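**Student:** This one is data_32.cif, mmCIF, C-alpha atoms and all ligand atoms.
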```cif
data_model
#
loop_
_atom_site.label_atom_id
_atom_site.label_comp_id
_atom_site.auth_asym_id
_atom_site.auth_seq_id
_atom_site.Cartn_x
_atom_site.Cartn_y
_atom_site.Cartn_z
CA MET A 1 14.58 -15.97 9.94
CA MET A 2 11.78 -13.56 10.89
CA LYS A 3 11.16 -15.46 14.06
CA ARG A 4 14.81 -15.27 14.96
CA ARG A 5 14.86 -11.51 14.28
CA ALA A 6 11.78 -10.95 16.42
CA PHE A 7 13.38 -12.95 19.18
CA LEU A 8 16.54 -10.82 19.01
CA ALA A 9 14.48 -7.63 18.96
CA GLY A 10 12.73 -8.84 22.09
CA LEU A 11 16.03 -9.46 23.80
CA LEU A 12 17.28 -6.00 22.88
CA GLY A 13 14.09 -4.34 24.10
CA VAL A 14 13.23 -3.00 20.63
CA GLY A 15 9.70 -4.37 20.96
CA ALA A 16 9.23 -2.17 24.00
CA TRP A 17 10.15 0.97 22.01
CA PRO A 18 7.00 2.97 22.88
CA LEU A 19 8.01 2.87 26.54
CA SER A 20 11.69 3.59 26.00
CA PRO A 21 13.21 6.61 27.80
CA LEU A 22 14.44 8.02 24.48
CA ARG A 23 10.93 8.33 23.10
CA ALA A 24 9.59 9.50 26.44
CA ALA A 25 12.04 12.39 26.57
CA THR A 26 11.32 13.67 23.07
CA GLN A 27 7.61 13.22 22.42
CA THR A 28 5.04 15.98 22.95
CA GLU A 29 1.46 16.41 21.78
CA GLU A 30 0.14 19.93 21.33
CA THR A 31 -3.19 21.66 20.78
CA ARG A 32 -3.69 25.31 19.90
CA GLY A 33 -6.20 27.72 21.32
CA ASN A 34 -8.53 29.75 19.13
CA PRO A 35 -6.37 31.03 16.20
CA MET A 36 -8.56 34.17 16.03
CA ILE A 37 -7.06 35.35 19.33
CA GLU A 38 -4.36 37.84 18.41
CA LYS A 39 -0.91 36.87 19.71
CA LEU A 40 0.96 39.15 22.10
CA GLU A 41 4.75 38.88 21.75
CA ARG A 42 7.16 40.46 24.23
CA SER A 43 10.87 39.98 24.85
CA GLU A 44 12.05 38.27 28.01
CA ALA A 45 13.40 41.64 29.23
CA GLU A 46 9.97 43.24 28.73
CA TRP A 47 8.20 40.44 30.63
CA LYS A 48 10.72 40.81 33.47
CA ARG A 49 9.93 44.51 33.68
CA ILE A 50 6.14 44.05 33.61
CA LEU A 51 5.71 40.98 35.82
CA THR A 52 6.61 40.35 39.45
CA PRO A 53 9.38 37.74 39.97
CA GLU A 54 6.72 35.19 41.02
CA GLN A 55 4.58 35.89 37.96
CA PHE A 56 7.64 35.69 35.69
CA HIS A 57 8.67 32.35 37.18
CA VAL A 58 5.23 30.80 36.63
CA LEU A 59 4.13 32.44 33.38
CA ARG A 60 7.43 32.54 31.48
CA GLN A 61 9.40 29.66 33.05
CA GLU A 62 6.60 27.14 33.67
CA GLY A 63 7.12 27.39 37.42
CA THR A 64 4.61 26.28 40.05
CA GLU A 65 3.62 28.37 43.06
CA ARG A 66 3.56 26.71 46.47
CA ALA A 67 0.18 25.14 47.29
CA TRP A 68 -2.17 27.14 49.56
CA THR A 69 -0.36 30.42 48.92
CA SER A 70 -2.88 32.09 46.58
CA PRO A 71 -5.62 34.34 48.00
CA LEU A 72 -7.67 33.28 44.95
CA ASN A 73 -8.19 29.84 46.55
CA ASP A 74 -10.84 31.51 48.71
CA GLU A 75 -12.24 33.85 46.04
CA LYS A 76 -15.96 33.10 45.85
CA ARG A 77 -17.37 36.33 44.42
CA GLU A 78 -18.98 36.58 41.02
CA GLY A 79 -16.59 37.73 38.33
CA VAL A 80 -13.97 36.80 35.76
CA PHE A 81 -10.42 35.46 36.07
CA VAL A 82 -8.05 37.02 33.51
CA CYS A 83 -4.45 36.27 32.49
CA ALA A 84 -1.97 38.19 34.68
CA GLY A 85 0.30 38.46 31.64
CA CYS A 86 -2.07 39.93 29.06
CA GLY A 87 -5.57 40.37 30.52
CA LEU A 88 -7.28 37.73 28.35
CA GLU A 89 -10.46 36.46 30.05
CA LEU A 90 -9.90 32.78 30.93
CA PHE A 91 -12.49 31.57 33.46
CA THR A 92 -15.72 32.82 35.01
CA SER A 93 -16.54 32.35 38.69
CA GLU A 94 -19.18 29.75 37.71
CA MET A 95 -16.37 27.50 36.43
CA LYS A 96 -14.49 27.52 39.74
CA TYR A 97 -14.78 24.76 42.34
CA ASP A 98 -13.04 23.76 45.54
CA SER A 99 -10.63 20.96 44.60
CA GLY A 100 -8.91 20.85 48.00
CA THR A 101 -5.50 20.88 46.28
CA GLY A 102 -4.36 24.35 47.35
CA TRP A 103 -4.53 25.81 43.83
CA PRO A 104 -7.46 27.65 42.22
CA SER A 105 -9.30 25.00 40.20
CA PHE A 106 -11.85 25.10 37.41
CA PHE A 107 -13.89 22.38 35.68
CA THR A 108 -13.83 24.18 32.33
CA THR A 109 -12.50 27.31 30.60
CA LEU A 110 -13.81 30.01 28.30
CA PRO A 111 -13.60 28.56 24.76
CA GLY A 112 -10.26 28.52 22.94
CA VAL A 113 -8.33 30.56 25.49
CA PHE A 114 -5.66 27.92 26.12
CA GLY A 115 -3.27 25.84 24.09
CA THR A 116 -2.06 22.58 25.60
CA LYS A 117 1.15 20.57 25.54
CA ARG A 118 1.25 16.98 26.71
CA ASP A 119 4.70 15.86 27.78
CA PHE A 120 6.05 12.42 28.55
CA LYS A 121 9.02 13.52 30.64
CA LEU A 122 7.54 12.07 33.81
CA ILE A 123 6.35 8.52 34.30
CA LEU A 124 2.78 9.86 34.33
CA PRO A 125 2.12 12.15 31.37
CA ARG A 126 0.83 15.63 32.26
CA THR A 127 -0.95 18.16 30.10
CA GLU A 128 0.40 21.69 30.48
CA TYR A 129 -1.78 24.61 29.34
CA HIS A 130 -0.89 28.17 28.38
CA CYS A 131 -2.61 31.42 27.40
CA ALA A 132 -3.54 31.55 23.70
CA ARG A 133 -2.66 35.26 23.54
CA CYS A 134 0.64 35.70 25.44
CA GLY A 135 1.74 32.06 25.67
CA GLY A 136 2.08 32.37 29.46
CA HIS A 137 2.06 29.06 31.37
CA HIS A 138 -0.92 28.73 33.73
CA GLY A 139 -1.04 25.17 35.02
CA HIS A 140 -1.91 21.56 34.20
CA VAL A 141 -5.22 19.91 33.35
CA PHE A 142 -6.22 16.54 34.84
CA ASN A 143 -9.11 14.12 34.40
CA ASP A 144 -10.14 13.90 38.04
CA GLY A 145 -12.48 16.90 38.13
CA PRO A 146 -16.20 17.10 38.91
CA PRO A 147 -19.17 16.73 36.52
CA PRO A 148 -20.17 17.75 33.95
CA THR A 149 -16.67 17.74 32.36
CA GLY A 150 -14.60 15.59 34.71
CA GLN A 151 -11.75 18.05 34.14
CA ARG A 152 -9.59 19.80 36.73
CA TRP A 153 -7.83 22.88 35.41
CA CYS A 154 -5.27 23.39 38.17
CA ASN A 155 -4.17 27.02 37.85
CA ASN A 156 -1.40 28.97 39.54
CA GLY A 157 -3.16 31.82 41.35
CA VAL A 158 -0.24 34.17 40.66
CA ALA A 159 -0.91 33.80 36.92
CA LEU A 160 -4.47 35.16 37.33
CA HIS A 161 -6.15 38.44 38.20
CA PHE A 162 -9.71 38.39 39.50
CA VAL A 163 -12.10 41.03 38.19
CA PRO A 164 -15.27 41.16 40.34
CA ALA A 165 -18.59 41.62 38.56
CA GLU A 166 -19.96 45.12 38.92
CA GLY A 167 -22.87 45.78 41.25
FE FE B 201 -2.00 35.80 28.54
#
```
Would you kindly transcribe this structure into structure tokens?

**Tutor:**
Amino acid sequence: MMKRRAFLAGLLGVGAWPLSPLRAATQTEETRGNPMIEKLERSEAEWKRILTPEQFHVLRQEGTERAWTSPLNDEKREGVFVCAGCGLELFTSEMKYDSGTGWPSFFTTLPGVFGTKRDFKLILPRTEYHCARCGGHHGHVFNDGPPPTGQRWCNNGVALHFVPAEG
């Protein structure tokens, strides 16, 4: 009886459930940034007023800027990269590297400044990350970065402001 049931399940594809489109479309895994970072909440209308259309599209609608369009690709000065939505410090210039992808890339972040969301909507899962203060979408993190972390934080330049170090 059990054997027969297992056989039927196999025929119906039930055994392959973890790979089924239904599960793929609904499952997400999330991490939170540092809970000590105070949240900044604004209405959609407020964000529209404060941000440029490009910033709004990326930060509030999880958009992606066209590759090679950000002047921050070539930013090599010493300083800090902050969230264009709320000013939270996210990366230092020491964390930046040239990934050759056309987006500003970093091998690590300041601690706790991002939450992540792993989605299974595409065939290859991607991990989205967003500002722990304003929730603004910044980019995706991949595992093909350089040592010592092996991470590539692929950030939309339009979601960042660069603040050069003084002196
Ligand atoms: Fe922010």

**Student:** List as a PyMOL selection string the protein and nucleic acid residues lying within 8 Å of ligand FE 201 (chain B), with only C-alpha atoms and all ligand atoms counted.

**Tutor:** chain A and resi 40+82-88+130-136

**Student:** Would you work out the distance separating atom CA of A:Leu72 from atom CA of A:Gly157, expressed in Å to one decimal?

**Tutor:**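 Atom-to-atom, atom CA of A:Leu72 and atom CA of A:Gly157 are spaced 6.0 Å apart.
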
**Student:** Using all atoms listed in the file, which of A:Phe114, A:Phe106, A:Phe91, A:Phe81 sits nearest A:Gly145?

**Tutor:**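 When distances to A:Gly145 are compared using all atoms listed in the file, the smallest one comes from A:Phe106.
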
**Student:** Rank nothing, just name the residue among A:Ile37, A:Arg60, A:Thr52, A:His140 nearest to A:Asp119, using all atoms listed in the file.

**Tutor:** A:His140

**Student:** Go ahead and compute the interatomic distance for atom CA of A:Gln55 and atom CA of A:Thr149, in Å to one decimal.

**Tutor:**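 Going from atom CA of A:Gln55 over to atom CA of A:Thr149, I get 28.5 Å.
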
**Student:** With distances taken over only C-alpha atoms, which of A:Met95, A:Arg118, A:Ser105, A:Ala45 is nearest to A:Asn73?

**Tutor:**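 Of the candidates, the smallest distance to A:Asn73 is held by A:Ser105.
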
**Student:** Could you work out how far atom CA of A:Glu128 lies from atom CA of A:Met36, giving the answer in Å with one decimal?

**Tutor:**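 Atom CA of A:Glu128 lies 21.1 Å from atom CA of A:Met36.
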
**Student:** Find, counting all atoms listed in the file, the residue in A:Val80, A:His138, A:Asn34, A:Glu65 that gets nearest to A:Ala159.

**Tutor:**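 Of all the options, A:His138 lies closest to A:Ala159.
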
**Student:** A:Phe120, A:Val163, A:Gln61, A:Thr108: which is nearest A:Pro146, counting only C-alpha atoms?

**Tutor:**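 Among A:Phe120, A:Val163, A:Gln61, A:Thr108, it is A:Thr108 that comes nearest to A:Pro146.
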
**Student:** Using all atoms listed in the file, find all polymer residues with an atom at most 10 Å away from the point (1.3, 23.6, 19.7); report them as a PyMOL selection string.

**Tutor:** chain A and resi 28-33+115-118
